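Peer 1: Got work36.pdb for you, PDB, C-alpha atoms and all ligand atoms:
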```pdb
ATOM      1  CA  MET A   1      -4.249   8.996  18.774
ATOM      2  CA  ARG A   2      -2.149   8.137  15.715
ATOM      3  CA  HIS A   3      -3.621   6.053  12.878
ATOM      4  CA  PHE A   4      -2.314   4.968   9.477
ATOM      5  CA  LEU A   5      -4.974   5.480   6.821
ATOM      6  CA  LYS A   6      -2.974   7.251   4.134
ATOM      7  CA  GLU A   7       0.596   7.940   2.989
ATOM      8  CA  THR A   8       0.572  11.428   4.497
ATOM      9  CA  ASP A   9      -0.229  10.144   8.000
ATOM     10  CA  LEU A  10       3.552   9.874   8.485
ATOM     11  CA  SER A  11       5.721  12.948   8.016
ATOM     12  CA  VAL A  12       8.700  12.618   5.665
ATOM     13  CA  GLU A  13      10.992  12.283   8.709
ATOM     14  CA  GLU A  14       8.728   9.652  10.289
ATOM     15  CA  ALA A  15       8.684   7.705   7.029
ATOM     16  CA  ALA A  16      12.508   7.645   7.033
ATOM     17  CA  TYR A  17      12.406   6.444  10.659
ATOM     18  CA  VAL A  18       9.944   3.662   9.721
ATOM     19  CA  PHE A  19      12.250   2.496   6.891
ATOM     20  CA  GLU A  20      15.167   2.388   9.303
ATOM     21  CA  LEU A  21      13.083   0.472  11.840
ATOM     22  CA  ALA A  22      11.900  -1.975   9.152
ATOM     23  CA  ALA A  23      15.546  -2.662   8.257
ATOM     24  CA  LYS A  24      16.324  -3.366  11.930
ATOM     25  CA  LEU A  25      13.304  -5.628  12.378
ATOM     26  CA  LYS A  26      14.182  -7.482   9.184
ATOM     27  CA  ALA A  27      17.784  -8.056  10.297
ATOM     28  CA  GLY A  28      16.765  -9.073  13.818
ATOM     29  CA  ARG A  29      13.793 -11.270  12.916
ATOM     30  CA  GLY A  30      13.607 -14.302  15.196
ATOM     31  CA  SER A  31      16.359 -13.132  17.539
ATOM     32  CA  ALA A  32      15.867 -13.493  21.292
ATOM     33  CA  ASP A  33      15.862  -9.719  21.824
ATOM     34  CA  ALA A  34      13.443  -8.878  18.961
ATOM     35  CA  PRO A  35      11.166  -6.086  20.305
ATOM     36  CA  LYS A  36       7.621  -6.939  21.431
ATOM     37  CA  PRO A  37       5.803  -3.579  21.435
ATOM     38  CA  LEU A  38       2.391  -5.289  21.100
ATOM     39  CA  ALA A  39       2.901  -7.568  24.144
ATOM     40  CA  ASN A  40      -0.403  -8.198  25.957
ATOM     41  CA  GLN A  41      -2.355  -6.641  23.082
ATOM     42  CA  SER A  42      -4.926  -8.155  20.720
ATOM     43  CA  TRP A  43      -5.306  -6.645  17.233
ATOM     44  CA  GLY A  44      -8.310  -7.272  14.971
ATOM     45  CA  LEU A  45      -7.614  -7.950  11.296
ATOM     46  CA  LEU A  46     -10.913  -7.229   9.524
ATOM     47  CA  PHE A  47     -11.224  -8.119   5.838
ATOM     48  CA  PHE A  48     -14.104  -7.221   3.528
ATOM     49  CA  LYS A  49     -12.089  -8.341   0.484
ATOM     50  CA  LYS A  50      -9.836 -11.224  -0.505
ATOM     51  CA  SER A  51      -6.154 -11.165   0.467
ATOM     52  CA  THR A  52      -3.086 -13.382   0.578
ATOM     53  CA  ARG A  53      -0.077 -11.137   1.346
ATOM     54  CA  THR A  54      -1.745  -8.559   3.580
ATOM     55  CA  ARG A  55      -3.671 -11.049   5.667
ATOM     56  CA  VAL A  56      -0.768 -13.394   6.322
ATOM     57  CA  SER A  57       1.924 -10.725   6.777
ATOM     58  CA  PHE A  58      -0.205  -8.848   9.331
ATOM     59  CA  GLN A  59      -1.153 -12.007  11.193
ATOM     60  CA  VAL A  60       2.492 -13.096  11.393
ATOM     61  CA  GLY A  61       3.642  -9.524  12.080
ATOM     62  CA  VAL A  62       1.311  -8.907  15.029
ATOM     63  CA  HIS A  63       2.355 -12.278  16.485
ATOM     64  CA  GLU A  64       6.081 -11.493  16.067
ATOM     65  CA  LEU A  65       5.609  -8.144  17.824
ATOM     66  CA  GLY A  66       4.224 -10.006  20.831
ATOM     67  CA  GLY A  67       0.532  -9.418  20.091
ATOM     68  CA  ASN A  68      -2.434 -11.673  19.456
ATOM     69  CA  PRO A  69      -3.894 -11.308  15.930
ATOM     70  CA  VAL A  70      -7.671 -11.849  15.781
ATOM     71  CA  MET A  71      -8.750 -12.699  12.235
ATOM     72  CA  LEU A  72     -12.159 -11.237  11.336
ATOM     73  CA  ASN A  73     -13.918 -11.949   8.055
ATOM     74  CA  ALA A  74     -16.583  -9.308   7.521
ATOM     75  CA  GLU A  75     -18.814 -11.972   5.968
ATOM     76  CA  ASP A  76     -18.862 -13.905   9.255
ATOM     77  CA  MET A  77     -19.743 -10.923  11.409
ATOM     78  CA  GLN A  78     -23.029  -9.234  12.257
ATOM     79  CA  LEU A  79     -21.823  -6.465   9.939
ATOM     80  CA  ALA A  80     -22.933  -8.733   7.099
ATOM     81  CA  ARG A  81     -26.425  -8.789   8.622
ATOM     82  CA  GLY A  82     -26.736  -5.035   8.960
ATOM     83  CA  GLU A  83     -25.033  -4.148  12.247
ATOM     84  CA  THR A  84     -23.610  -0.682  11.720
ATOM     85  CA  PRO A  85     -19.855  -0.005  11.391
ATOM     86  CA  GLU A  86     -20.353   2.615  14.177
ATOM     87  CA  ASP A  87     -21.597   0.029  16.696
ATOM     88  CA  THR A  88     -19.035  -2.513  15.501
ATOM     89  CA  ALA A  89     -16.198  -0.013  16.053
ATOM     90  CA  LYS A  90     -17.476   0.799  19.572
ATOM     91  CA  VAL A  91     -17.898  -2.855  20.543
ATOM     92  CA  LEU A  92     -14.546  -4.014  19.145
ATOM     93  CA  SER A  93     -12.802  -1.130  20.943
ATOM     94  CA  ARG A  94     -13.878  -2.754  24.231
ATOM     95  CA  TYR A  95     -11.877  -5.900  23.375
ATOM     96  CA  LEU A  96      -9.068  -4.958  21.035
ATOM     97  CA  HIS A  97      -6.029  -2.663  21.124
ATOM     98  CA  GLY A  98      -6.018  -1.864  17.402
ATOM     99  CA  MET A  99      -7.560  -2.717  14.047
ATOM    100  CA  VAL A 100      -6.177  -3.465  10.599
ATOM    101  CA  ILE A 101      -8.958  -3.125   8.029
ATOM    102  CA  ARG A 102      -9.295  -3.964   4.313
ATOM    103  CA  CYS A 103     -12.517  -2.482   2.970
ATOM    104  CA  HIS A 104     -14.359  -0.968   0.036
ATOM    105  CA  GLU A 105     -15.271   2.655   0.909
ATOM    106  CA  HIS A 106     -12.373   4.524   2.513
ATOM    107  CA  SER A 107     -14.930   6.253   4.766
ATOM    108  CA  LEU A 108     -15.368   3.000   6.705
ATOM    109  CA  LEU A 109     -11.825   3.440   8.041
ATOM    110  CA  GLU A 110     -12.709   6.964   9.131
ATOM    111  CA  THR A 111     -15.822   5.629  10.876
ATOM    112  CA  PHE A 112     -13.619   3.267  12.891
ATOM    113  CA  VAL A 113     -11.292   6.164  13.732
ATOM    114  CA  ASN A 114     -14.155   8.447  14.792
ATOM    115  CA  GLU A 115     -16.409   5.940  16.562
ATOM    116  CA  GLY A 116     -13.816   3.570  18.009
ATOM    117  CA  SER A 117     -11.050   4.252  20.494
ATOM    118  CA  MET A 118      -8.090   2.279  19.096
ATOM    119  CA  PRO A 119      -5.519   2.845  16.339
ATOM    120  CA  VAL A 120      -6.673   1.925  12.827
ATOM    121  CA  VAL A 121      -4.442   0.777   9.935
ATOM    122  CA  ASN A 122      -5.575   0.775   6.309
ATOM    123  CA  ALA A 123      -4.899  -2.634   4.745
ATOM    124  CA  LEU A 124      -6.332  -1.374   1.390
ATOM    125  CA  SER A 125      -9.440   0.596   0.575
ATOM    126  CA  ASP A 126     -10.920   1.461  -2.809
ATOM    127  CA  PHE A 127      -9.030   4.765  -2.456
ATOM    128  CA  LEU A 128      -5.537   3.930  -1.113
ATOM    129  CA  HIS A 129      -3.126   1.095  -0.209
ATOM    130  CA  PRO A 130      -0.547   2.822   2.017
ATOM    131  CA  CYS A 131       1.004  -0.325   3.579
ATOM    132  CA  GLN A 132       1.876  -1.479   0.069
ATOM    133  CA  PHE A 133       3.325   1.936  -0.780
ATOM    134  CA  TYR A 134       5.582   2.126   2.278
ATOM    135  CA  THR A 135       6.720  -1.434   1.627
ATOM    136  CA  ASP A 136       7.566  -0.596  -1.968
ATOM    137  CA  MET A 137       9.544   2.456  -0.912
ATOM    138  CA  PHE A 138      11.397   0.413   1.718
ATOM    139  CA  THR A 139      12.206  -2.197  -0.945
ATOM    140  CA  LEU A 140      13.677   0.488  -3.210
ATOM    141  CA  ALA A 141      15.478   2.276  -0.388
ATOM    142  CA  GLU A 142      17.172  -1.000   0.591
ATOM    143  CA  ARG A 143      18.748  -0.971  -2.864
ATOM    144  CA  TRP A 144      19.395   2.735  -3.307
ATOM    145  CA  SER A 145      20.778   3.552   0.139
ATOM    146  CA  GLY A 146      23.943   1.479  -0.288
ATOM    147  CA  GLY A 147      23.233  -0.477   2.895
ATOM    148  CA  ASP A 148      23.100   2.643   5.094
ATOM    149  CA  ALA A 149      19.704   2.570   6.847
ATOM    150  CA  LYS A 150      20.079   6.250   7.823
ATOM    151  CA  GLN A 151      20.125   7.163   4.111
ATOM    152  CA  MET A 152      16.990   5.212   3.176
ATOM    153  CA  GLY A 153      14.570   8.142   3.180
ATOM    154  CA  ALA A 154      16.989  10.447   1.354
ATOM    155  CA  SER A 155      17.801   7.783  -1.263
ATOM    156  CA  LEU A 156      14.260   8.022  -2.646
ATOM    157  CA  ARG A 157      14.253  11.757  -3.311
ATOM    158  CA  GLY A 158      14.198  12.805  -6.954
ATOM    159  CA  ARG A 159      13.752   9.266  -8.330
ATOM    160  CA  LYS A 160      11.327   8.777 -11.218
ATOM    161  CA  ILE A 161       8.539   6.264 -10.612
ATOM    162  CA  VAL A 162       6.146   5.465 -13.447
ATOM    163  CA  PHE A 163       2.837   3.798 -12.595
ATOM    164  CA  ILE A 164       1.328   2.281 -15.738
ATOM    165  CA  GLY A 165      -2.171   0.864 -16.125
ATOM    166  CA  ASP A 166      -5.272   1.578 -14.077
ATOM    167  CA  THR A 167      -4.324   5.079 -13.019
ATOM    168  CA  ALA A 168      -7.689   5.667 -11.366
ATOM    169  CA  CYS A 169      -7.419   2.760  -8.900
ATOM    170  CA  ASN A 170      -6.180   2.639  -5.295
ATOM    171  CA  MET A 171      -2.586   1.900  -6.340
ATOM    172  CA  GLY A 172      -2.510   4.832  -8.784
ATOM    173  CA  ASN A 173      -3.830   7.178  -6.084
ATOM    174  CA  THR A 174      -1.395   5.774  -3.550
ATOM    175  CA  PHE A 175       1.615   6.345  -5.799
ATOM    176  CA  ALA A 176       0.554   9.892  -6.680
ATOM    177  CA  LEU A 177       0.012  10.902  -3.050
ATOM    178  CA  GLY A 178       2.906   8.944  -1.549
ATOM    179  CA  CYS A 179       5.594   9.770  -4.108
ATOM    180  CA  VAL A 180       4.815  13.496  -4.153
ATOM    181  CA  HIS A 181       4.812  13.473  -0.330
ATOM    182  CA  LEU A 182       8.269  11.850  -0.241
ATOM    183  CA  GLY A 183       9.720  14.191  -2.871
ATOM    184  CA  MET A 184       9.799  11.814  -5.830
ATOM    185  CA  GLU A 185       8.912  12.361  -9.466
ATOM    186  CA  VAL A 186       5.803  10.353 -10.307
ATOM    187  CA  VAL A 187       4.140   9.800 -13.658
ATOM    188  CA  LEU A 188       0.763   8.083 -13.892
ATOM    189  CA  CYS A 189       0.215   6.579 -17.346
ATOM    190  CA  GLY A 190      -3.106   5.141 -18.467
ATOM    191  CA  PRO A 191      -5.844   5.531 -21.056
ATOM    192  CA  ALA A 192      -8.049   8.618 -21.363
ATOM    193  CA  GLY A 193     -11.002   8.190 -19.049
ATOM    194  CA  TYR A 194      -8.811   6.851 -16.221
ATOM    195  CA  GLU A 195      -7.465  10.186 -15.020
ATOM    196  CA  PRO A 196      -6.932  10.387 -11.253
ATOM    197  CA  PRO A 197     -10.240  10.997  -9.430
ATOM    198  CA  ALA A 198     -11.401  14.234  -7.781
ATOM    199  CA  GLU A 199     -11.092  12.476  -4.395
ATOM    200  CA  LEU A 200      -7.299  12.349  -4.874
ATOM    201  CA  TYR A 201      -7.048  16.088  -5.574
ATOM    202  CA  LYS A 202      -9.178  16.733  -2.477
ATOM    203  CA  GLN A 203      -6.717  14.680  -0.413
ATOM    204  CA  PHE A 204      -3.758  16.719  -1.708
ATOM    205  CA  GLU A 205      -5.645  19.870  -0.783
ATOM    206  CA  ALA A 206      -6.519  18.559   2.685
ATOM    207  CA  ASP A 207      -2.844  17.687   3.256
ATOM    208  CA  GLY A 208      -1.689  21.083   1.989
ATOM    209  CA  ILE A 209       0.501  19.514  -0.739
ATOM    210  CA  ALA A 210       0.540  20.635  -4.385
ATOM    211  CA  PRO A 211      -0.526  17.754  -6.675
ATOM    212  CA  ASN A 212       2.821  17.718  -8.473
ATOM    213  CA  PHE A 213       2.371  14.504 -10.419
ATOM    214  CA  THR A 214       1.954  14.003 -14.159
ATOM    215  CA  PHE A 215      -0.748  12.072 -15.977
ATOM    216  CA  THR A 216      -0.106  10.931 -19.546
ATOM    217  CA  THR A 217      -1.722   8.531 -21.998
ATOM    218  CA  ASP A 218       1.639   7.833 -23.729
ATOM    219  CA  PRO A 219       3.439   4.791 -22.214
ATOM    220  CA  GLU A 220       6.626   5.177 -24.281
ATOM    221  CA  ALA A 221       7.113   8.811 -23.284
ATOM    222  CA  ALA A 222       6.338   7.926 -19.646
ATOM    223  CA  ALA A 223       8.812   5.008 -19.458
ATOM    224  CA  LYS A 224      11.785   7.011 -20.740
ATOM    225  CA  GLY A 225      14.383   7.518 -18.020
ATOM    226  CA  ALA A 226      12.290   5.829 -15.323
ATOM    227  CA  ASP A 227      13.915   4.345 -12.212
ATOM    228  CA  VAL A 228      10.900   2.098 -11.667
ATOM    229  CA  LEU A 229       8.062   0.807 -13.849
ATOM    230  CA  TYR A 230       5.191  -0.225 -11.604
ATOM    231  CA  THR A 231       1.914  -1.826 -12.558
ATOM    232  CA  ASP A 232      -1.143  -3.388 -10.942
ATOM    233  CA  VAL A 233      -4.071  -5.486 -12.129
ATOM    234  CA  TRP A 234      -6.405  -3.934 -14.671
ATOM    235  CA  VAL A 235      -9.467  -5.256 -12.844
ATOM    236  CA  SER A 236      -9.330  -4.394  -9.151
ATOM    237  CA  MET A 237     -11.446  -6.179  -6.552
ATOM    238  CA  GLY A 238     -15.037  -5.048  -6.927
ATOM    239  CA  MET A 239     -14.679  -4.055 -10.609
ATOM    240  CA  GLU A 240     -15.274  -7.493 -12.099
ATOM    241  CA  ASP A 241     -18.376  -6.276 -14.004
ATOM    242  CA  GLU A 242     -16.127  -4.004 -16.103
ATOM    243  CA  LYS A 243     -13.613  -6.750 -16.938
ATOM    244  CA  GLU A 244     -14.224  -7.059 -20.689
ATOM    245  CA  ARG A 245     -14.062  -3.318 -21.336
ATOM    246  CA  ARG A 246     -11.016  -2.832 -19.116
ATOM    247  CA  LEU A 247      -8.993  -5.632 -20.744
ATOM    248  CA  ARG A 248      -9.652  -3.968 -24.119
ATOM    249  CA  GLU A 249      -8.922  -0.388 -23.022
ATOM    250  CA  PHE A 250      -5.741  -1.171 -21.074
ATOM    251  CA  ARG A 251      -4.215  -3.416 -23.756
ATOM    252  CA  PRO A 252      -1.681  -0.737 -24.981
ATOM    253  CA  TYR A 253      -0.469  -0.305 -21.380
ATOM    254  CA  GLN A 254       1.120  -3.705 -20.776
ATOM    255  CA  VAL A 255       4.564  -3.484 -19.171
ATOM    256  CA  ASN A 256       6.647  -5.603 -21.537
ATOM    257  CA  GLU A 257      10.247  -5.922 -22.701
ATOM    258  CA  HIS A 258       9.902  -2.993 -25.108
ATOM    259  CA  LEU A 259       8.662  -0.628 -22.399
ATOM    260  CA  MET A 260      11.324  -1.842 -19.946
ATOM    261  CA  SER A 261      14.003  -1.111 -22.571
ATOM    262  CA  LEU A 262      12.994   2.575 -22.542
ATOM    263  CA  ALA A 263      13.497   2.930 -18.782
ATOM    264  CA  LYS A 264      16.941   3.360 -17.204
ATOM    265  CA  LYS A 265      19.254   0.354 -17.685
ATOM    266  CA  ASP A 266      19.175  -0.388 -13.954
ATOM    267  CA  ALA A 267      15.431   0.268 -13.563
ATOM    268  CA  TYR A 268      13.297  -2.064 -11.485
ATOM    269  CA  PHE A 269       9.978  -3.651 -12.342
ATOM    270  CA  MET A 270       7.507  -3.743  -9.455
ATOM    271  CA  HIS A 271       3.984  -5.074  -8.944
ATOM    272  CA  CYS A 272       1.976  -5.280  -5.720
ATOM    273  CA  LEU A 273       0.659  -8.723  -6.800
ATOM    274  CA  PRO A 274      -1.364 -10.761  -7.554
ATOM    275  CA  ALA A 275      -0.277 -10.462 -11.216
ATOM    276  CA  HIS A 276      -2.050 -11.499 -14.398
ATOM    277  CA  ILE A 277       0.606 -12.585 -16.881
ATOM    278  CA  GLY A 278      -0.182 -11.450 -20.411
ATOM    279  CA  GLU A 279      -2.473  -8.682 -19.174
ATOM    280  CA  GLU A 280      -0.751  -5.846 -17.289
ATOM    281  CA  VAL A 281       2.701  -7.481 -17.542
ATOM    282  CA  SER A 282       4.485  -9.851 -19.918
ATOM    283  CA  GLU A 283       5.896 -13.095 -18.527
ATOM    284  CA  GLY A 284       9.435 -12.039 -19.493
ATOM    285  CA  VAL A 285       9.300  -8.844 -17.439
ATOM    286  CA  LEU A 286       7.504 -10.355 -14.430
ATOM    287  CA  LYS A 287      10.067 -13.167 -14.163
ATOM    288  CA  GLY A 288      13.012 -11.208 -15.581
ATOM    289  CA  PRO A 289      16.165  -9.876 -13.894
ATOM    290  CA  GLN A 290      14.746  -6.397 -13.250
ATOM    291  CA  SER A 291      11.729  -7.730 -11.368
ATOM    292  CA  ILE A 292      11.815  -7.442  -7.566
ATOM    293  CA  ILE A 293       8.267  -8.628  -6.903
ATOM    294  CA  PHE A 294       9.043 -11.278  -4.287
ATOM    295  CA  ASP A 295      11.270  -8.966  -2.247
ATOM    296  CA  GLU A 296       8.328  -6.543  -2.271
ATOM    297  CA  ALA A 297       6.013  -9.287  -1.069
ATOM    298  CA  GLU A 298       8.419 -10.320   1.713
ATOM    299  CA  ASN A 299       8.916  -6.738   2.828
ATOM    300  CA  ARG A 300       5.204  -6.353   3.572
ATOM    301  CA  LEU A 301       5.975  -8.220   6.796
ATOM    302  CA  HIS A 302       8.942  -6.092   7.888
ATOM    303  CA  THR A 303       7.486  -2.732   6.884
ATOM    304  CA  GLN A 304       4.083  -3.350   8.475
ATOM    305  CA  LYS A 305       5.788  -4.490  11.680
ATOM    306  CA  ALA A 306       7.663  -1.170  11.633
ATOM    307  CA  ILE A 307       4.425   0.785  11.102
ATOM    308  CA  LEU A 308       2.701  -1.067  13.979
ATOM    309  CA  ALA A 309       5.723  -0.572  16.252
ATOM    310  CA  PHE A 310       5.852   3.122  15.344
ATOM    311  CA  LEU A 311       2.142   3.601  16.130
ATOM    312  CA  ALA A 312       2.550   1.757  19.450
ATOM    313  CA  GLN A 313       5.475   4.007  20.381
ATOM    314  CA  GLU A 314       3.737   7.243  19.369
ATOM    315  CA  ASN A 315       0.427   6.341  21.018
ATOM    316  CA  ALA A 316       2.217   5.409  24.250
ATOM    317  CA  LYS A 317       3.840   8.887  24.212
ATOM    318  CA  LEU A 318       0.434  10.524  23.670
ATOM    319  CA  ARG A 319      -1.099   8.566  26.586
ATOM    320  CA  ALA A 320       1.786   9.443  28.951
TER     321      ALA A 320
HETATM  322  N1  LIG B 401      -0.590  -6.768  -2.617
HETATM  323  C1  LIG B 401      -1.566  -7.174  -1.779
HETATM  324  O1  LIG B 401      -2.150  -6.368  -1.030
HETATM  325  O2  LIG B 401      -1.823  -8.490  -1.842
HETATM  326  P1  LIG B 401      -3.065  -9.247  -1.191
HETATM  327  O3  LIG B 401      -4.312  -8.754  -1.910
HETATM  328  O4  LIG B 401      -2.804 -10.705  -1.452
HETATM  329  O5  LIG B 401      -3.141  -8.927   0.253
HETATM  330  N1  LIG B 402      -5.810  -2.556  -7.193
HETATM  331  C1  LIG B 402      -5.837  -3.873  -6.622
HETATM  332  C2  LIG B 402      -4.763  -4.025  -5.604
HETATM  333  C3  LIG B 402      -4.640  -5.418  -5.023
HETATM  334  C4  LIG B 402      -3.540  -5.539  -4.015
HETATM  335  C5  LIG B 402      -7.201  -4.138  -6.016
HETATM  336  O1  LIG B 402      -7.738  -3.238  -5.327
HETATM  337  O2  LIG B 402      -7.758  -5.198  -6.237
END
```
Would you mind giving the structure from this file in structure tokens?
Ligand code: CP
Ligand code: NVA
Peer 2:
Amino acid sequence: MRHFLKETDLSVEEAAYVFELAAKLKAGRGSADAPKPLANQSWGLLFFKKSTRTRVSFQVGVHELGGNPVMLNAEDMQLARGETPEDTAKVLSRYLHGMVIRCHEHSLLETFVNEGSMPVVNALSDFLHPCQFYTDMFTLAERWSGGDAKQMGASLRGRKIVFIGDTACNMGNTFALGCVHLGMEVVLCGPAGYEPPAELYKQFEADGIAPNFTFTTDPEAAAKGADVLYTDVWVSMGMEDEKERRLREFRPYQVNEHLMSLAKKDAYFMHCLPAHIGEEVSEGVLKGPQSIIFDEAENRLHTQKAILAFLAQENAKLRA
């Protein structure tokens, strides 16, 4: 059975297919012949953490694909009273046709894969945020492919993406793994002490890919010649206890007008959102002409629909 827990769960060719499919679903949204690959299915959307974009775009997306989204707050379930994830996965597999899960430890997703019997999609873990990554790449490919959906995958190759800020968080890991996988140049730029974790190197090894990304503590050197400057919050969900120290240590890594001026003239500014103006990004950059943050947010819907449709198609082939 196919799942989507990490960037490398799709081959490079499959990723290009998903971008093409996302473009089709976006163009045909609301039309009478929009595909319904999740017809007669119910999908659980289980959240252990807060969410605006992911929660709503998946709920709407499952509905638009013909399925029934079942919203599950971990806090309201017996999980919160000690029922094991193993038993929960087994029980929910008797009702549902798939699960979208936002959680803390990445291993919880693997427990659902191993103990359940339905496809599992990672809606963010402490380790990775692959739905965000594929959305961001789709958003860039829309611009770089010159309107030719068949060129979307190829249009990403060789581009320079710079991720600035908390390089040891899920978004930093996701960009390192995803960009290298898709043949892009990726620079992670953050303070000493926030080097990518051992877990990320282990994932590269498990996937048989060389960890060909760069880590630097120098934001000016990193930004030079970039096609994209990307940042994320300095205090990820679950790290609130470290807030004071993090705001101090990340201060030199704000994406502001000066840093943007060092990137290519036609570079984009991206952020997965929610943003904290005056922390990881200046107001001028966040709201400026190079910012494509709301297209990114919108594209969560189209790209995730494409991922769900792709999984449905592949899993139907495997069952046949
Ligand atoms: N970018 C993102 O995942 O947003 P939410 O936390 O609002 O889902
Ligand atoms: N790194 C952030 C991403 C939010 C979408 C977090 O985990 O809180």
Peer 1: Pick out the closest residue to Glu199 of chain A from this set: A:Ile161, A:Val187, A:Glu105, A:His258. Count all atoms listed in the file.
Peer 2: A:Glu105
Peer 1: Just checking: using only C-alpha atoms and all ligand atoms, which residue out of A:Val233, A:Ile292, A:Leu286, A:Ala39 ends up closest to ligand LIG 401 (chain B)?
Peer 2: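 Comparing A:Val233, A:Ile292, A:Leu286, A:Ala39 against ligand LIG 401 (chain B), the winner is A:Val233.
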Peer 1: Between atom CA of Glu20 of chain A and atom CA of Gly147 of chain A, what distance in Å does the model show, to one decimal?
Peer 2: 10.7 Å
Peer 1: Using all atoms listed in the file, determine which residues fall within 7 Å of ligand LIG 402 (chain B), then list them as a list in words.
Peer 2: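 Listing the residues within 7 Å of ligand LIG 402 (chain B) gives Asp126, Cys169, Asn170, Met171, Asp232, Val233, Val235, Ser236, Met237, Cys272, Leu273 and Pro274 of chain A.
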Peer 1: Each residue of chain A lying at most 12 Å from ligand LIG 401 (chain B) should get a row with its shortest atom-to-atom pair and the distance in Å to one decimal, counting all atoms listed in the file; could you produce that, ordered by chain and increasing number, as a tab-separated table?
Peer 2:
```
residue	atom	partner	partner_atom	distance
A:Leu45	CA	B:LIG401	O5	12.0
A:Phe47	CA	B:LIG401	O5	9.9
A:Phe48	CA	B:LIG401	O3	11.3
A:Lys49	CA	B:LIG401	O3	8.1
A:Lys50	CA	B:LIG401	O3	6.2
A:Ser51	CA	B:LIG401	O5	3.8
A:Thr52	CA	B:LIG401	O4	3.4
A:Arg53	CA	B:LIG401	O4	3.9
A:Thr54	CA	B:LIG401	O5	3.6
A:Arg55	CA	B:LIG401	O5	5.8
A:Val56	CA	B:LIG401	O5	7.9
A:Ser57	CA	B:LIG401	O5	8.5
A:Phe58	CA	B:LIG401	O5	9.5
A:Gln59	CA	B:LIG401	O5	11.5
A:Ile101	CA	B:LIG401	O5	11.3
A:Arg102	CA	B:LIG401	O5	8.9
A:Cys103	CA	B:LIG401	O3	11.4
A:Asn122	CA	B:LIG401	O1	10.8
A:Ala123	CA	B:LIG401	O1	7.4
A:Leu124	CA	B:LIG401	O1	6.9
A:Ser125	CA	B:LIG401	O1	10.2
A:Asp126	CA	B:LIG401	O1	11.9
A:Leu128	CA	B:LIG401	O1	10.8
A:His129	CA	B:LIG401	O1	7.6
A:Pro130	CA	B:LIG401	O1	9.8
A:Cys131	CA	B:LIG401	O1	8.2
A:Gln132	CA	B:LIG401	N1	6.4
A:Phe133	CA	B:LIG401	N1	9.7
A:Tyr134	CA	B:LIG401	N1	11.9
A:Thr135	CA	B:LIG401	N1	10.0
A:Asp136	CA	B:LIG401	N1	10.2
A:Asn170	CA	B:LIG401	O1	10.7
A:Met171	CA	B:LIG401	N1	9.6
A:Thr231	CA	B:LIG401	N1	11.4
A:Asp232	CA	B:LIG401	N1	9.0
A:Val233	CA	B:LIG401	N1	10.2
A:Ser236	CA	B:LIG401	O3	9.8
A:Met237	CA	B:LIG401	O3	8.9
A:Met270	CA	B:LIG401	N1	11.0
A:His271	CA	B:LIG401	N1	8.0
A:Cys272	CA	B:LIG401	N1	4.3
A:Leu273	CA	B:LIG401	N1	4.8
A:Pro274	CA	B:LIG401	O2	6.2
A:Ala275	CA	B:LIG401	N1	9.4
A:Ile293	CA	B:LIG401	N1	10.0
A:Phe294	CA	B:LIG401	N1	10.8
A:Glu296	CA	B:LIG401	N1	8.9
A:Ala297	CA	B:LIG401	N1	7.2
A:Glu298	CA	B:LIG401	N1	10.6
A:Asn299	CA	B:LIG401	N1	11.0
A:Arg300	CA	B:LIG401	N1	8.5
A:Leu301	CA	B:LIG401	O5	11.2
A:Gln304	CA	B:LIG401	O1	11.8
```
Peer 1: Find the residues around His63 of chain A up to 12 Å (all atoms listed in the file counted), leave out those fewer than 2 positions away in its own chain, and share them as a short mmCIF file (atom, residue, chain, number, x, y, z; two decimals) with C-alpha atoms, in the coordinates of the input.
Peer 2:
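The new file selection-v5.cif reads:
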```cif
data_model
loop_
_atom_site.label_atom_id
_atom_site.label_comp_id
_atom_site.auth_asym_id
_atom_site.auth_seq_id
_atom_site.Cartn_x
_atom_site.Cartn_y
_atom_site.Cartn_z
CA GLY A 30 13.61 -14.30 15.20
CA ALA A 34 13.44 -8.88 18.96
CA PRO A 35 11.17 -6.09 20.30
CA LYS A 36 7.62 -6.94 21.43
CA PRO A 37 5.80 -3.58 21.44
CA LEU A 38 2.39 -5.29 21.10
CA ALA A 39 2.90 -7.57 24.14
CA ASN A 40 -0.40 -8.20 25.96
CA GLN A 41 -2.36 -6.64 23.08
CA SER A 42 -4.93 -8.15 20.72
CA TRP A 43 -5.31 -6.64 17.23
CA GLY A 44 -8.31 -7.27 14.97
CA VAL A 56 -0.77 -13.39 6.32
CA SER A 57 1.92 -10.72 6.78
CA PHE A 58 -0.20 -8.85 9.33
CA GLN A 59 -1.15 -12.01 11.19
CA VAL A 60 2.49 -13.10 11.39
CA GLY A 61 3.64 -9.52 12.08
CA LEU A 65 5.61 -8.14 17.82
CA GLY A 66 4.22 -10.01 20.83
CA GLY A 67 0.53 -9.42 20.09
CA ASN A 68 -2.43 -11.67 19.46
CA PRO A 69 -3.89 -11.31 15.93
CA VAL A 70 -7.67 -11.85 15.78
CA MET A 71 -8.75 -12.70 12.24
CA LEU A 301 5.98 -8.22 6.80
CA LYS A 305 5.79 -4.49 11.68
CA LEU A 308 2.70 -1.07 13.98
#
```
